>>> print(open('final00.txt').read())   # compact mmCIF, C-alpha atoms
# COMPACT_ATOMS: atom_id res chain seq x y z
CA MET Z 1 5.17 -106.05 32.96
CA ASN Z 2 6.76 -106.02 30.74
CA LEU Z 3 2.46 -110.88 30.26
CA THR Z 4 4.58 -108.90 31.80
CA ARG Z 5 6.51 -103.53 30.36
CA ARG Z 6 4.10 -103.31 30.13
CA ARG Z 7 5.86 -100.78 28.72
CA GLY Z 8 6.51 -99.54 32.09
CA ALA Z 9 5.31 -103.25 33.33
CA VAL Z 10 2.99 -106.44 33.66
CA LEU Z 11 3.78 -106.33 32.49
CA GLY Z 12 3.77 -105.40 31.91
CA ALA Z 13 1.32 -106.39 31.06
CA ILE Z 14 2.70 -106.91 30.77
CA CYS Z 15 4.85 -105.82 31.50
CA ALA Z 16 1.86 -104.79 34.76
CA LEU Z 17 3.59 -104.63 33.81
CA ALA Z 18 6.09 -102.22 37.36
CA LEU Z 19 5.28 -99.52 39.70
CA MET Z 20 6.27 -100.53 43.20
CA VAL Z 21 8.52 -99.32 46.01
CA SER Z 22 12.23 -98.88 45.33
CA ALA Z 23 14.56 -101.19 47.14
CA CYS Z 24 18.18 -101.00 46.10
CA SER Z 25 18.95 -101.74 49.74
CA ASN Z 26 18.64 -105.42 48.78
CA GLU Z 27 21.74 -105.08 46.62
CA THR Z 28 24.67 -107.43 47.12
CA SER Z 29 28.06 -107.03 45.53
CA GLY Z 30 31.52 -108.46 45.44
CA ASP Z 31 34.27 -109.46 43.04
CA ASP Z 32 34.77 -112.99 44.34
CA GLY Z 33 32.51 -114.36 41.58
CA GLY Z 34 30.28 -116.22 44.01
CA ALA Z 35 27.44 -113.95 45.03
CA SER Z 36 24.87 -116.58 44.08
CA SER Z 37 26.18 -120.01 43.23
CA GLY Z 38 23.22 -122.07 44.49
CA PRO Z 39 22.67 -125.83 44.34
CA ARG Z 40 22.92 -127.69 41.03
CA THR Z 41 19.36 -128.96 41.14
CA GLU Z 42 17.30 -128.73 37.97
CA PRO Z 43 14.72 -125.97 38.44
CA SER Z 44 11.04 -126.60 38.02
CA LEU Z 45 9.24 -125.23 35.00
CA SER Z 46 6.01 -124.97 36.98
CA PHE Z 47 4.59 -121.75 38.43
CA VAL Z 48 1.33 -120.48 39.86
CA GLY Z 49 -0.94 -117.51 39.29
CA PRO Z 50 -1.52 -114.56 41.62
CA GLY Z 51 -4.06 -116.54 43.64
CA GLY Z 52 -2.30 -119.90 43.35
CA GLU Z 53 -4.00 -120.74 40.05
CA THR Z 54 -2.66 -123.72 38.09
CA PRO Z 55 -1.62 -122.95 34.49
CA THR Z 56 -3.25 -124.53 31.44
CA ALA Z 57 -1.58 -124.28 28.02
CA ALA Z 58 -3.32 -121.98 25.57
CA ASP Z 59 -3.57 -124.74 22.97
CA GLN Z 60 -6.05 -126.51 25.27
CA LEU Z 61 -8.66 -123.82 24.60
CA SER Z 62 -11.31 -124.68 22.03
CA LEU Z 63 -14.73 -123.70 20.77
CA THR Z 64 -16.96 -126.03 18.78
CA PRO Z 65 -18.63 -124.72 15.61
CA GLU Z 66 -21.91 -124.75 17.52
CA GLU Z 67 -20.43 -122.67 20.34
CA GLN Z 68 -18.97 -120.19 17.87
CA GLN Z 69 -22.35 -119.79 16.23
CA LYS Z 70 -24.05 -119.31 19.58
CA VAL Z 71 -21.68 -116.44 20.38
CA LYS Z 72 -22.33 -114.90 16.97
CA ASP Z 73 -26.09 -115.18 17.50
CA GLY Z 74 -25.79 -113.47 20.88
CA ASN Z 75 -24.88 -110.05 19.41
CA PHE Z 76 -22.50 -109.50 22.33
CA SER Z 77 -20.44 -106.39 22.96
CA ALA Z 78 -17.13 -105.82 24.73
CA ALA Z 79 -14.72 -103.10 25.86
CA PHE Z 80 -11.06 -102.83 26.86
CA VAL Z 81 -10.06 -101.18 30.13
CA TRP Z 82 -6.28 -101.29 29.87
CA HIS Z 83 -3.57 -100.34 32.35
CA GLU Z 84 -1.56 -98.49 29.68
CA GLY Z 85 -1.39 -97.96 25.94
CA SER Z 86 1.98 -99.31 24.81
CA ALA Z 87 2.81 -101.13 21.58
CA LEU Z 88 2.60 -104.34 23.59
CA THR Z 89 -0.94 -103.63 24.76
CA LYS Z 90 -1.98 -102.65 21.24
CA ALA Z 91 -0.58 -105.94 19.92
CA VAL Z 92 -2.53 -107.90 22.53
CA GLU Z 93 -5.67 -105.95 21.67
CA SER Z 94 -5.20 -106.65 17.97
CA GLY Z 95 -5.16 -110.36 18.77
CA VAL Z 96 -8.35 -110.05 20.83
CA ARG Z 97 -10.07 -108.02 18.11
CA LYS Z 98 -9.19 -110.64 15.50
CA GLU Z 99 -10.93 -113.28 17.61
CA PHE Z 100 -13.86 -110.96 18.36
CA ASP Z 101 -14.33 -110.26 14.64
CA GLN Z 102 -14.63 -113.98 13.95
CA LEU Z 103 -17.14 -114.37 16.79
CA GLY Z 104 -19.20 -111.30 15.94
CA ILE Z 105 -18.41 -109.52 19.22
CA LYS Z 106 -18.67 -105.75 18.83
CA VAL Z 107 -16.02 -103.57 20.50
CA LEU Z 108 -17.58 -100.50 22.11
CA ALA Z 109 -14.48 -98.79 23.56
CA SER Z 110 -10.80 -99.12 24.42
CA THR Z 111 -9.31 -97.06 27.25
CA SER Z 112 -5.85 -96.59 28.76
CA ALA Z 113 -5.15 -95.61 32.37
CA GLU Z 114 -1.43 -94.86 31.85
CA PHE Z 115 -0.73 -96.72 35.09
CA ASP Z 116 -3.05 -94.49 37.13
CA ALA Z 117 -5.46 -96.49 39.29
CA ALA Z 118 -7.87 -93.58 39.72
CA ARG Z 119 -7.94 -93.02 35.99
CA GLN Z 120 -8.66 -96.69 35.40
CA ALA Z 121 -11.59 -96.49 37.83
CA ASN Z 122 -12.96 -93.50 35.89
CA ASN Z 123 -12.43 -95.29 32.59
CA LEU Z 124 -14.39 -98.24 33.92
CA GLN Z 125 -17.34 -96.04 34.84
CA THR Z 126 -17.30 -94.52 31.35
CA VAL Z 127 -17.24 -97.96 29.77
CA LEU Z 128 -20.01 -99.34 32.01
CA ALA Z 129 -22.29 -96.57 30.76
CA LEU Z 130 -22.05 -98.21 27.33
CA LYS Z 131 -23.43 -101.45 28.83
CA PRO Z 132 -20.93 -104.00 27.44
CA ASP Z 133 -21.48 -107.67 28.03
CA LEU Z 134 -17.78 -108.22 28.65
CA ILE Z 135 -14.65 -106.29 29.65
CA VAL Z 136 -11.04 -107.27 28.96
CA THR Z 137 -8.68 -105.67 31.47
CA ILE Z 138 -5.51 -105.74 33.54
CA ALA Z 139 -5.51 -104.13 36.97
CA VAL Z 140 -3.20 -101.15 37.49
CA ASP Z 141 -3.38 -101.62 41.26
CA PRO Z 142 -4.95 -104.94 42.33
CA THR Z 143 -6.11 -103.59 45.70
CA ALA Z 144 -7.72 -100.45 44.28
CA ALA Z 145 -9.19 -102.43 41.39
CA ALA Z 146 -11.02 -104.77 43.78
CA ALA Z 147 -13.33 -101.91 44.73
CA ALA Z 148 -13.27 -100.16 41.35
CA PHE Z 149 -14.46 -103.22 39.39
CA LYS Z 150 -17.17 -104.25 41.86
CA PRO Z 151 -19.88 -102.32 39.95
CA ALA Z 152 -19.02 -104.35 36.84
CA VAL Z 153 -19.28 -107.60 38.80
CA ASP Z 154 -22.57 -106.49 40.36
CA ALA Z 155 -23.93 -105.63 36.91
CA GLY Z 156 -23.12 -109.12 35.63
CA VAL Z 157 -20.46 -107.96 33.19
CA LYS Z 158 -18.00 -110.73 32.36
CA LEU Z 159 -14.41 -109.81 33.25
CA VAL Z 160 -11.49 -111.41 31.42
CA VAL Z 161 -8.04 -110.55 32.77
CA MET Z 162 -4.61 -110.37 31.24
CA THR Z 163 -1.99 -111.21 33.88
CA THR Z 164 -3.16 -109.14 36.87
CA PRO Z 165 -6.69 -109.41 38.33
CA PRO Z 166 -8.24 -107.26 41.04
CA LYS Z 167 -7.18 -108.56 44.43
CA GLY Z 168 -9.30 -111.45 45.67
CA TYR Z 169 -11.08 -111.98 42.35
CA LYS Z 170 -11.32 -115.66 41.45
CA ALA Z 171 -11.77 -117.45 38.14
CA GLY Z 172 -15.30 -118.75 37.77
CA GLU Z 173 -16.53 -116.20 40.28
CA GLN Z 174 -15.79 -112.50 39.80
CA ILE Z 175 -13.73 -113.12 36.64
CA VAL Z 176 -13.91 -115.63 33.80
CA GLY Z 177 -10.17 -116.36 33.91
CA ILE Z 178 -6.63 -115.03 33.55
CA VAL Z 179 -4.43 -115.16 30.45
CA THR Z 180 -0.67 -114.65 30.65
CA ALA Z 181 2.63 -116.03 29.33
CA ASP Z 182 4.68 -118.99 30.57
CA LEU Z 183 6.83 -117.28 33.20
CA THR Z 184 9.45 -119.95 33.86
CA ALA Z 185 9.96 -120.35 30.11
CA PHE Z 186 10.98 -116.68 30.00
CA GLY Z 187 13.64 -117.24 32.65
CA LYS Z 188 15.06 -120.37 31.05
CA ALA Z 189 15.23 -118.74 27.61
CA ASN Z 190 17.09 -115.71 28.95
CA ALA Z 191 19.55 -117.95 30.81
CA GLU Z 192 20.20 -119.95 27.66
CA MET Z 193 20.73 -116.88 25.48
CA LEU Z 194 23.09 -115.21 27.93
CA GLY Z 195 24.96 -118.44 28.59
CA LYS Z 196 25.48 -119.02 24.89
CA ALA Z 197 26.61 -115.42 24.32
CA LEU Z 198 29.20 -115.75 27.10
CA GLY Z 199 30.46 -119.13 25.98
CA GLY Z 200 29.33 -120.69 29.24
CA LYS Z 201 31.54 -118.70 31.61
CA GLY Z 202 31.87 -115.23 33.06
CA LYS Z 203 30.52 -112.76 35.60
CA VAL Z 204 27.09 -111.19 35.34
CA GLY Z 205 24.85 -108.69 37.07
CA TYR Z 206 21.22 -109.42 37.97
CA ILE Z 207 18.85 -106.43 37.91
CA TYR Z 208 15.46 -107.63 39.07
CA HIS Z 209 12.04 -106.13 39.84
CA ASP Z 210 12.07 -105.58 43.59
CA ALA Z 211 8.36 -105.49 44.40
CA ASP Z 212 5.63 -107.94 45.35
CA PHE Z 213 4.46 -108.57 41.79
CA TRP Z 214 3.81 -112.23 41.02
CA PHE Z 215 4.43 -112.02 37.28
CA THR Z 216 7.90 -110.44 37.32
CA ASN Z 217 8.96 -112.13 40.57
CA GLN Z 218 8.57 -115.64 39.15
CA ARG Z 219 10.03 -114.66 35.78
CA ASP Z 220 13.14 -113.13 37.37
CA LYS Z 221 13.68 -116.05 39.73
CA ALA Z 222 13.43 -118.52 36.87
CA PHE Z 223 16.30 -116.78 35.08
CA LYS Z 224 18.50 -116.96 38.15
CA ASP Z 225 17.66 -120.61 38.86
CA TRP Z 226 18.25 -121.77 35.29
CA LEU Z 227 21.47 -119.78 34.89
CA ASN Z 228 22.90 -121.40 38.04
CA PHE Z 229 21.84 -124.83 36.86
CA LEU Z 230 22.83 -124.66 33.20
CA TYR Z 231 26.02 -122.62 33.53
CA PRO Z 232 27.90 -123.24 36.78
CA ASP Z 233 30.88 -121.29 35.44
CA ILE Z 234 28.79 -118.13 35.10
CA LYS Z 235 28.54 -116.34 38.44
CA ILE Z 236 26.10 -113.63 39.46
CA VAL Z 237 28.47 -111.22 41.18
CA GLU Z 238 25.92 -108.50 41.97
CA GLU Z 239 22.16 -108.39 42.47
CA THR Z 240 20.25 -105.12 42.57
CA GLY Z 241 16.51 -104.57 42.69
CA PHE Z 242 14.52 -101.68 41.25
CA SER Z 243 10.93 -100.51 41.19
CA ASP Z 244 11.32 -97.50 38.88
CA PRO Z 245 12.70 -98.38 35.43
CA ALA Z 246 14.08 -94.83 35.17
CA ARG Z 247 16.67 -95.74 37.84
CA THR Z 248 18.29 -98.62 36.01
CA GLU Z 249 20.85 -96.48 34.19
CA ASP Z 250 22.26 -95.32 37.54
CA ILE Z 251 22.12 -98.88 38.88
CA ALA Z 252 23.96 -100.25 35.85
CA THR Z 253 26.53 -97.46 35.89
CA ALA Z 254 27.41 -98.23 39.51
CA MET Z 255 27.48 -101.96 38.79
CA LEU Z 256 29.84 -101.55 35.83
CA THR Z 257 32.08 -99.27 37.89
CA ARG Z 258 32.35 -101.79 40.71
CA HIS Z 259 32.91 -104.71 38.33
CA SER Z 260 35.30 -103.80 35.53
CA ASP Z 261 35.33 -107.46 34.51
CA LEU Z 262 31.54 -107.81 34.24
CA ASN Z 263 30.56 -109.81 31.15
CA GLY Z 264 26.78 -109.69 31.13
CA VAL Z 265 23.58 -108.35 32.67
CA TYR Z 266 20.05 -109.66 33.05
CA VAL Z 267 17.34 -106.99 33.33
CA ALA Z 268 13.71 -107.69 34.25
CA TRP Z 269 12.08 -106.07 31.21
CA ALA Z 270 12.70 -103.89 28.17
CA THR Z 271 11.96 -100.44 29.56
CA ALA Z 272 14.41 -101.09 32.39
CA ALA Z 273 16.93 -102.53 29.92
CA GLU Z 274 16.99 -99.21 28.05
CA GLY Z 275 18.79 -97.68 31.03
CA VAL Z 276 21.29 -100.53 31.20
CA LEU Z 277 22.01 -100.22 27.49
CA ALA Z 278 22.57 -96.48 27.93
CA ALA Z 279 25.01 -97.13 30.78
CA THR Z 280 27.08 -99.60 28.77
CA ARG Z 281 27.27 -97.17 25.86
CA GLN Z 282 28.25 -94.29 28.15
CA GLN Z 283 31.14 -96.33 29.54
CA GLY Z 284 32.14 -97.77 26.20
CA ARG Z 285 31.48 -101.31 27.43
CA THR Z 286 30.74 -102.99 24.11
CA ASP Z 287 31.81 -106.31 25.68
CA VAL Z 288 28.89 -106.51 28.13
CA LYS Z 289 26.05 -108.75 26.92
CA ILE Z 290 22.46 -107.93 27.94
CA VAL Z 291 19.32 -110.07 27.94
CA THR Z 292 15.80 -109.04 28.91
CA ASN Z 293 12.07 -109.61 28.40
CA ASP Z 294 9.50 -107.92 26.12
CA LEU Z 295 10.33 -107.17 22.50
CA GLU Z 296 10.87 -103.45 21.89
CA ALA Z 297 12.11 -101.65 18.77
CA ASN Z 298 15.16 -99.81 20.14
CA LEU Z 299 16.54 -102.90 21.85
CA ALA Z 300 15.74 -105.07 18.84
CA ALA Z 301 17.63 -102.64 16.61
CA ASP Z 302 20.68 -102.90 18.88
CA LEU Z 303 20.39 -106.68 18.73
CA VAL Z 304 20.35 -106.65 14.92
CA LYS Z 305 23.40 -104.38 14.80
CA GLY Z 306 25.41 -106.72 17.01
CA GLY Z 307 25.37 -104.37 19.99
CA ASN Z 308 25.13 -105.14 23.70
CA ILE Z 309 21.69 -106.74 23.46
CA VAL Z 310 22.10 -110.44 22.66
CA GLY Z 311 18.62 -111.75 23.41
CA ILE Z 312 15.07 -110.66 24.17
CA VAL Z 313 12.23 -112.97 25.18
CA ALA Z 314 9.07 -111.91 23.33
CA ASN Z 315 5.58 -112.44 24.72
CA GLY Z 316 3.75 -113.68 21.64
CA SER Z 317 1.36 -110.79 22.25
CA THR Z 318 -1.06 -111.37 19.40
CA ARG Z 319 -1.37 -115.03 20.45
CA LEU Z 320 -2.06 -113.91 24.02
CA GLY Z 321 -4.77 -111.68 22.60
CA GLN Z 322 -6.37 -114.53 20.71
CA SER Z 323 -6.44 -116.58 23.92
CA LEU Z 324 -8.12 -113.66 25.70
CA GLY Z 325 -10.71 -113.64 22.92
CA ILE Z 326 -11.45 -117.34 23.31
CA VAL Z 327 -11.66 -117.10 27.11
CA SER Z 328 -14.08 -114.21 26.58
CA ALA Z 329 -16.29 -116.51 24.53
CA TYR Z 330 -16.19 -119.07 27.33
CA GLY Z 331 -17.52 -116.40 29.67
CA LEU Z 332 -20.31 -115.32 27.34
CA LEU Z 333 -21.36 -118.93 26.85
CA GLY Z 334 -21.27 -119.71 30.57
CA LYS Z 335 -18.62 -122.33 29.81
CA LYS Z 336 -16.08 -122.97 32.56
CA ALA Z 337 -12.69 -121.60 31.52
CA PRO Z 338 -9.27 -122.65 32.83
CA GLU Z 339 -8.36 -120.43 35.77
CA LEU Z 340 -4.99 -119.48 34.27
CA VAL Z 341 -4.20 -119.80 30.55
CA VAL Z 342 -0.56 -119.49 29.49
CA GLY Z 343 0.99 -118.90 26.08
CA SER Z 344 4.53 -119.74 25.01
CA PRO Z 345 7.05 -116.88 24.69
CA MET Z 346 9.69 -116.80 21.95
CA ALA Z 347 13.41 -116.27 22.46
CA ALA Z 348 14.44 -113.57 19.98
CA THR Z 349 18.02 -113.49 18.74
CA LYS Z 350 19.68 -111.78 15.80
CA GLU Z 351 18.93 -114.83 13.68
CA ASN Z 352 15.15 -114.96 14.22
CA ILE Z 353 14.24 -111.39 15.20
CA ALA Z 354 11.89 -110.86 12.21
CA GLU Z 355 9.98 -114.05 13.02
CA ALA Z 356 9.73 -113.08 16.69
CA TRP Z 357 8.50 -109.60 15.76
CA ARG Z 358 5.77 -110.99 13.55
CA ASP Z 359 4.75 -113.44 16.28
CA ASP Z 360 4.61 -110.68 18.88
CA TYR Z 361 3.05 -107.85 16.90
CA GLY Z 362 1.37 -109.55 13.97
CA GLN Z 363 3.17 -107.40 11.41
CA GLU Z 364 6.51 -106.96 9.69
CA PRO Z 365 9.26 -105.39 11.82
CA PRO Z 366 10.25 -101.75 11.22
CA ALA Z 367 13.26 -100.98 9.04
CA GLU Z 368 15.64 -100.52 11.98
CA VAL Z 369 14.78 -103.99 13.28
CA ARG Z 370 15.23 -105.52 9.81
CA GLY Z 371 18.71 -103.99 9.73
CA ASN Z 372 17.91 -101.76 6.75
>>> encode(input="final00.txt", output="structure tokens")
Amino acid sequence: MNLTRRRGAVLGAICALALMVSACSNETSGDDGGASSGPRTEPSLSFVGPGGETPTAADQLSLTPEEQQKVKDGNFSAAFVWHEGSALTKAVESGVRKEFDQLGIKVLASTSAEFDAARQANNLQTVLALKPDLIVTIAVDPTAAAAAFKPAVDAGVKLVVMTTPPKGYKAGEQIVGIVTADLTAFGKANAEMLGKALGGKGKVGYIYHDADFWFTNQRDKAFKDWLNFLYPDIKIVEETGFSDPARTEDIATAMLTRHSDLNGVYVAWATAAEGVLAATRQQGRTDVKIVTNDLEANLAADLVKGGNIVGIVANGSTRLGQSLGIVSAYGLLGKKAPELVVGSPMAATKENIAEAWRDDYGQEPPAEVRGN
């Protein structure tokens, strides 16, 4: 995930961001064009957090000048205990650091576990030795993290979470709060981009994250629900789940072989979409349109060139980071924070890719994304 790939994830954060058991056995297929028609009922844009938390929009966060000064006067320190070290995570961290700089919060360390729960536990112990007042993190494995982060809770360190908290940790108790992106908005945006690219009709494949991971599960389902509602003449003719993004090229190859008339594919996040893009190129299927989540350079370059990628929903990573920074201040002040803060993603197309890149990463896109 990829909140979220995180680049293998959350996702993800996000992207967290994507490391669960493989389950292609849930695959359905057929050429009748009706694998998942579903009722024409408008889907809900609501969703809940991993513990049933109710979302609050990021623009509801605020600090008074007096509160800002109190944080500055506190000479607080913080550290990052990340799940991985992708460009996405770095963009989020840059947003947090920008907020920390304004609040006078000193960063003591930033660590990456590379999706290894044991390594994250060791990183936490290293960071705790520095005695930070606050830690910003995302759990690699929620169950393992529940035990691993207990020493931080016992020491009174404030924990602020992006997307995935340790299992059983509650806002206002063990953690200050959770910050993520608006999951159903991701799904709707992808449905709209694919529907537009296909002219409102066709046959598509649905390659989803087949694991019990709240972030990607709700995001994937939202795409399916909104596609069925907005475009009744677009049929999902095959659904295949994955847990390992490295398998998606094989999945897509088999899907394209079974469905010579396939027009489009939805893929859960960017790392997984790389395999689907490779499969379409290998088979010379320039006609197949692909949409996915999490803005990544190689896919963005294909989008700019008019390739198979027709849309990517970006996380607004630097904005997510700024929200994490403000929630951190809430924790340091002892101010009650919303249990789940959500930021708005941005649908990136060929027309607005530079704007989306700046919004996500806080900098100008690389030459290949600019089309140079």
>>> closest_residue(input="final00.txt", among="Z:Ile138, Z:Val127, Z:Leu198, Z:Val237", to="Glu84 in chain Z", atoms="all atoms listed in the file")
Z:Ile138
>>> closest_residue(input="final00.txt", among="Z:Ala278, Z:Val310, Z:Ala329, Z:Ile178", to="Ala57 in chain Z", atoms="only C-alpha atoms")
Z:Ile178
>>> closest_residue(input="final00.txt", among="Z:Asp359, Z:Asp302, Z:Glu93, Z:Glu173", to="Val157 in chain Z", atoms="all atoms listed in the file")
Z:Glu173
>>> residues_around(input="final00.txt", residues="Gly187 in chain Z", least_positions_apart="4", cutoff="9 Å", atoms="only C-alpha atoms", output="PyMOL selection string")
chain Z and resi 183+191-192+218-227+293+313
>>> atom_distance(input="final00.txt", atom1="CA of Gly343 in chain Z", atom2="CA of Val160 in chain Z")
15.5 Å
>>> residues_near_point(input="final00.txt", point="(1.5, -117.1, 25.5)", cutoff="7 Å", atoms="only C-alpha atoms", output="number ranges by chain")
Z: 58, 180-182, 315-316, 319-320, 342-345
>>> closest_residue(input="final00.txt", among="Z:Lys203, Z:His209, Z:Lys305, Z:Lys350", to="Met255 in chain Z", atoms="all atoms listed in the file")
Z:Lys203
>>> closest_residue(input="final00.txt", among="Z:Ala185, Z:Val96, Z:Val161, Z:Val369", to="Leu45 in chain Z", atoms="all atoms listed in the file")
Z:Ala185
>>> residues_near_point(input="final00.txt", point="(-20.1, -113.2, 26.8)", cutoff="12 Å", atoms="all atoms listed in the file", output="PDB file with C-alpha atoms, keeping the file's coordinate frame")
ATOM      1  CA  GLU Z  67     -20.430-122.670  20.340  1.00  0.00           C
ATOM      2  CA  GLN Z  68     -18.970-120.190  17.870  1.00  0.00           C
ATOM      3  CA  LYS Z  70     -24.050-119.310  19.580  1.00  0.00           C
ATOM      4  CA  VAL Z  71     -21.680-116.440  20.380  1.00  0.00           C
ATOM      5  CA  LYS Z  72     -22.330-114.900  16.970  1.00  0.00           C
ATOM      6  CA  ASP Z  73     -26.090-115.180  17.500  1.00  0.00           C
ATOM      7  CA  GLY Z  74     -25.790-113.470  20.880  1.00  0.00           C
ATOM      8  CA  ASN Z  75     -24.880-110.050  19.410  1.00  0.00           C
ATOM      9  CA  PHE Z  76     -22.500-109.500  22.330  1.00  0.00           C
ATOM     10  CA  SER Z  77     -20.440-106.390  22.960  1.00  0.00           C
ATOM     11  CA  ALA Z  78     -17.130-105.820  24.730  1.00  0.00           C
ATOM     12  CA  ALA Z  79     -14.720-103.100  25.860  1.00  0.00           C
ATOM     13  CA  PHE Z 100     -13.860-110.960  18.360  1.00  0.00           C
ATOM     14  CA  LEU Z 103     -17.140-114.370  16.790  1.00  0.00           C
ATOM     15  CA  GLY Z 104     -19.200-111.300  15.940  1.00  0.00           C
ATOM     16  CA  ILE Z 105     -18.410-109.520  19.220  1.00  0.00           C
ATOM     17  CA  LYS Z 106     -18.670-105.750  18.830  1.00  0.00           C
ATOM     18  CA  PRO Z 132     -20.930-104.000  27.440  1.00  0.00           C
ATOM     19  CA  ASP Z 133     -21.480-107.670  28.030  1.00  0.00           C
ATOM     20  CA  LEU Z 134     -17.780-108.220  28.650  1.00  0.00           C
ATOM     21  CA  ILE Z 135     -14.650-106.290  29.650  1.00  0.00           C
ATOM     22  CA  VAL Z 136     -11.040-107.270  28.960  1.00  0.00           C
ATOM     23  CA  GLY Z 156     -23.120-109.120  35.630  1.00  0.00           C
ATOM     24  CA  VAL Z 157     -20.460-107.960  33.190  1.00  0.00           C
ATOM     25  CA  LYS Z 158     -18.000-110.730  32.360  1.00  0.00           C
ATOM     26  CA  LEU Z 159     -14.410-109.810  33.250  1.00  0.00           C
ATOM     27  CA  VAL Z 160     -11.490-111.410  31.420  1.00  0.00           C
ATOM     28  CA  ILE Z 175     -13.730-113.120  36.640  1.00  0.00           C
ATOM     29  CA  VAL Z 176     -13.910-115.630  33.800  1.00  0.00           C
ATOM     30  CA  GLY Z 325     -10.710-113.640  22.920  1.00  0.00           C
ATOM     31  CA  ILE Z 326     -11.450-117.340  23.310  1.00  0.00           C
ATOM     32  CA  VAL Z 327     -11.660-117.100  27.110  1.00  0.00           C
ATOM     33  CA  SER Z 328     -14.080-114.210  26.580  1.00  0.00           C
ATOM     34  CA  ALA Z 329     -16.290-116.510  24.530  1.00  0.00           C
ATOM     35  CA  TYR Z 330     -16.190-119.070  27.330  1.00  0.00           C
ATOM     36  CA  GLY Z 331     -17.520-116.400  29.670  1.00  0.00           C
ATOM     37  CA  LEU Z 332     -20.310-115.320  27.340  1.00  0.00           C
ATOM     38  CA  LEU Z 333     -21.360-118.930  26.850  1.00  0.00           C
ATOM     39  CA  GLY Z 334     -21.270-119.710  30.570  1.00  0.00           C
ATOM     40  CA  LYS Z 335     -18.620-122.330  29.810  1.00  0.00           C
TER      41      LYS Z 335
END
>>> atom_distance(input="final00.txt", atom1="CA of Ile236 in chain Z", atom2="CA of Ala211 in chain Z")
20.1 Å
>>> atom_distance(input="final00.txt", atom1="CA of Ser46 in chain Z", atom2="CA of Asp59 in chain Z")
17.0 Å
>>> residues_around(input="final00.txt", residues="Val288 in chain Z", least_positions_apart="3", cutoff="8 Å", atoms="all atoms listed in the file", output="ChimeraX atom specification")
/Z:262-265,280,285,308
>>> closest_residue(input="final00.txt", among="Z:Leu61, Z:Leu194, Z:Ala254, Z:Ala273", to="Pro338 in chain Z", atoms="only C-alpha atoms")
Z:Leu61
>>> build_atoms(input="final00.txt", residues="range 93-105 of chain Z", atoms="N, CA and C atoms", output="PDB file, keeping the file's coordinate frame")
ATOM      1  N   GLU Z  93      -4.315-106.325  22.070  1.00  0.00           N
ATOM      2  CA  GLU Z  93      -5.670-105.950  21.670  1.00  0.00           C
ATOM      3  C   GLU Z  93      -5.968-106.364  20.234  1.00  0.00           C
ATOM      4  N   SER Z  94      -4.979-106.250  19.359  1.00  0.00           N
ATOM      5  CA  SER Z  94      -5.200-106.650  17.970  1.00  0.00           C
ATOM      6  C   SER Z  94      -5.518-108.136  17.882  1.00  0.00           C
ATOM      7  N   GLY Z  95      -4.862-108.932  18.736  1.00  0.00           N
ATOM      8  CA  GLY Z  95      -5.160-110.360  18.770  1.00  0.00           C
ATOM      9  C   GLY Z  95      -6.558-110.647  19.276  1.00  0.00           C
ATOM     10  N   VAL Z  96      -6.984-109.899  20.302  1.00  0.00           N
ATOM     11  CA  VAL Z  96      -8.350-110.050  20.830  1.00  0.00           C
ATOM     12  C   VAL Z  96      -9.370-109.657  19.758  1.00  0.00           C
ATOM     13  N   ARG Z  97      -9.125-108.513  19.125  1.00  0.00           N
ATOM     14  CA  ARG Z  97     -10.070-108.020  18.110  1.00  0.00           C
ATOM     15  C   ARG Z  97     -10.214-109.009  16.953  1.00  0.00           C
ATOM     16  N   LYS Z  98      -9.122-109.647  16.583  1.00  0.00           N
ATOM     17  CA  LYS Z  98      -9.190-110.640  15.500  1.00  0.00           C
ATOM     18  C   LYS Z  98     -10.149-111.761  15.888  1.00  0.00           C
ATOM     19  N   GLU Z  99     -10.044-112.220  17.133  1.00  0.00           N
ATOM     20  CA  GLU Z  99     -10.930-113.280  17.610  1.00  0.00           C
ATOM     21  C   GLU Z  99     -12.369-112.774  17.719  1.00  0.00           C
ATOM     22  N   PHE Z 100     -12.524-111.551  18.233  1.00  0.00           N
ATOM     23  CA  PHE Z 100     -13.860-110.960  18.360  1.00  0.00           C
ATOM     24  C   PHE Z 100     -14.535-110.819  16.993  1.00  0.00           C
ATOM     25  N   ASP Z 101     -13.759-110.422  15.985  1.00  0.00           N
ATOM     26  CA  ASP Z 101     -14.330-110.260  14.640  1.00  0.00           C
ATOM     27  C   ASP Z 101     -14.890-111.586  14.130  1.00  0.00           C
ATOM     28  N   GLN Z 102     -14.178-112.669  14.398  1.00  0.00           N
ATOM     29  CA  GLN Z 102     -14.630-113.980  13.950  1.00  0.00           C
ATOM     30  C   GLN Z 102     -15.866-114.447  14.712  1.00  0.00           C
ATOM     31  N   LEU Z 103     -16.017-113.951  15.945  1.00  0.00           N
ATOM     32  CA  LEU Z 103     -17.140-114.370  16.790  1.00  0.00           C
ATOM     33  C   LEU Z 103     -18.294-113.365  16.778  1.00  0.00           C
ATOM     34  N   GLY Z 104     -18.138-112.295  16.025  1.00  0.00           N
ATOM     35  CA  GLY Z 104     -19.200-111.300  15.940  1.00  0.00           C
ATOM     36  C   GLY Z 104     -19.387-110.470  17.191  1.00  0.00           C
ATOM     37  N   ILE Z 105     -18.343-110.331  17.999  1.00  0.00           N
ATOM     38  CA  ILE Z 105     -18.410-109.520  19.220  1.00  0.00           C
ATOM     39  C   ILE Z 105     -18.024-108.092  18.887  1.00  0.00           C
TER      40      ILE Z 105
END
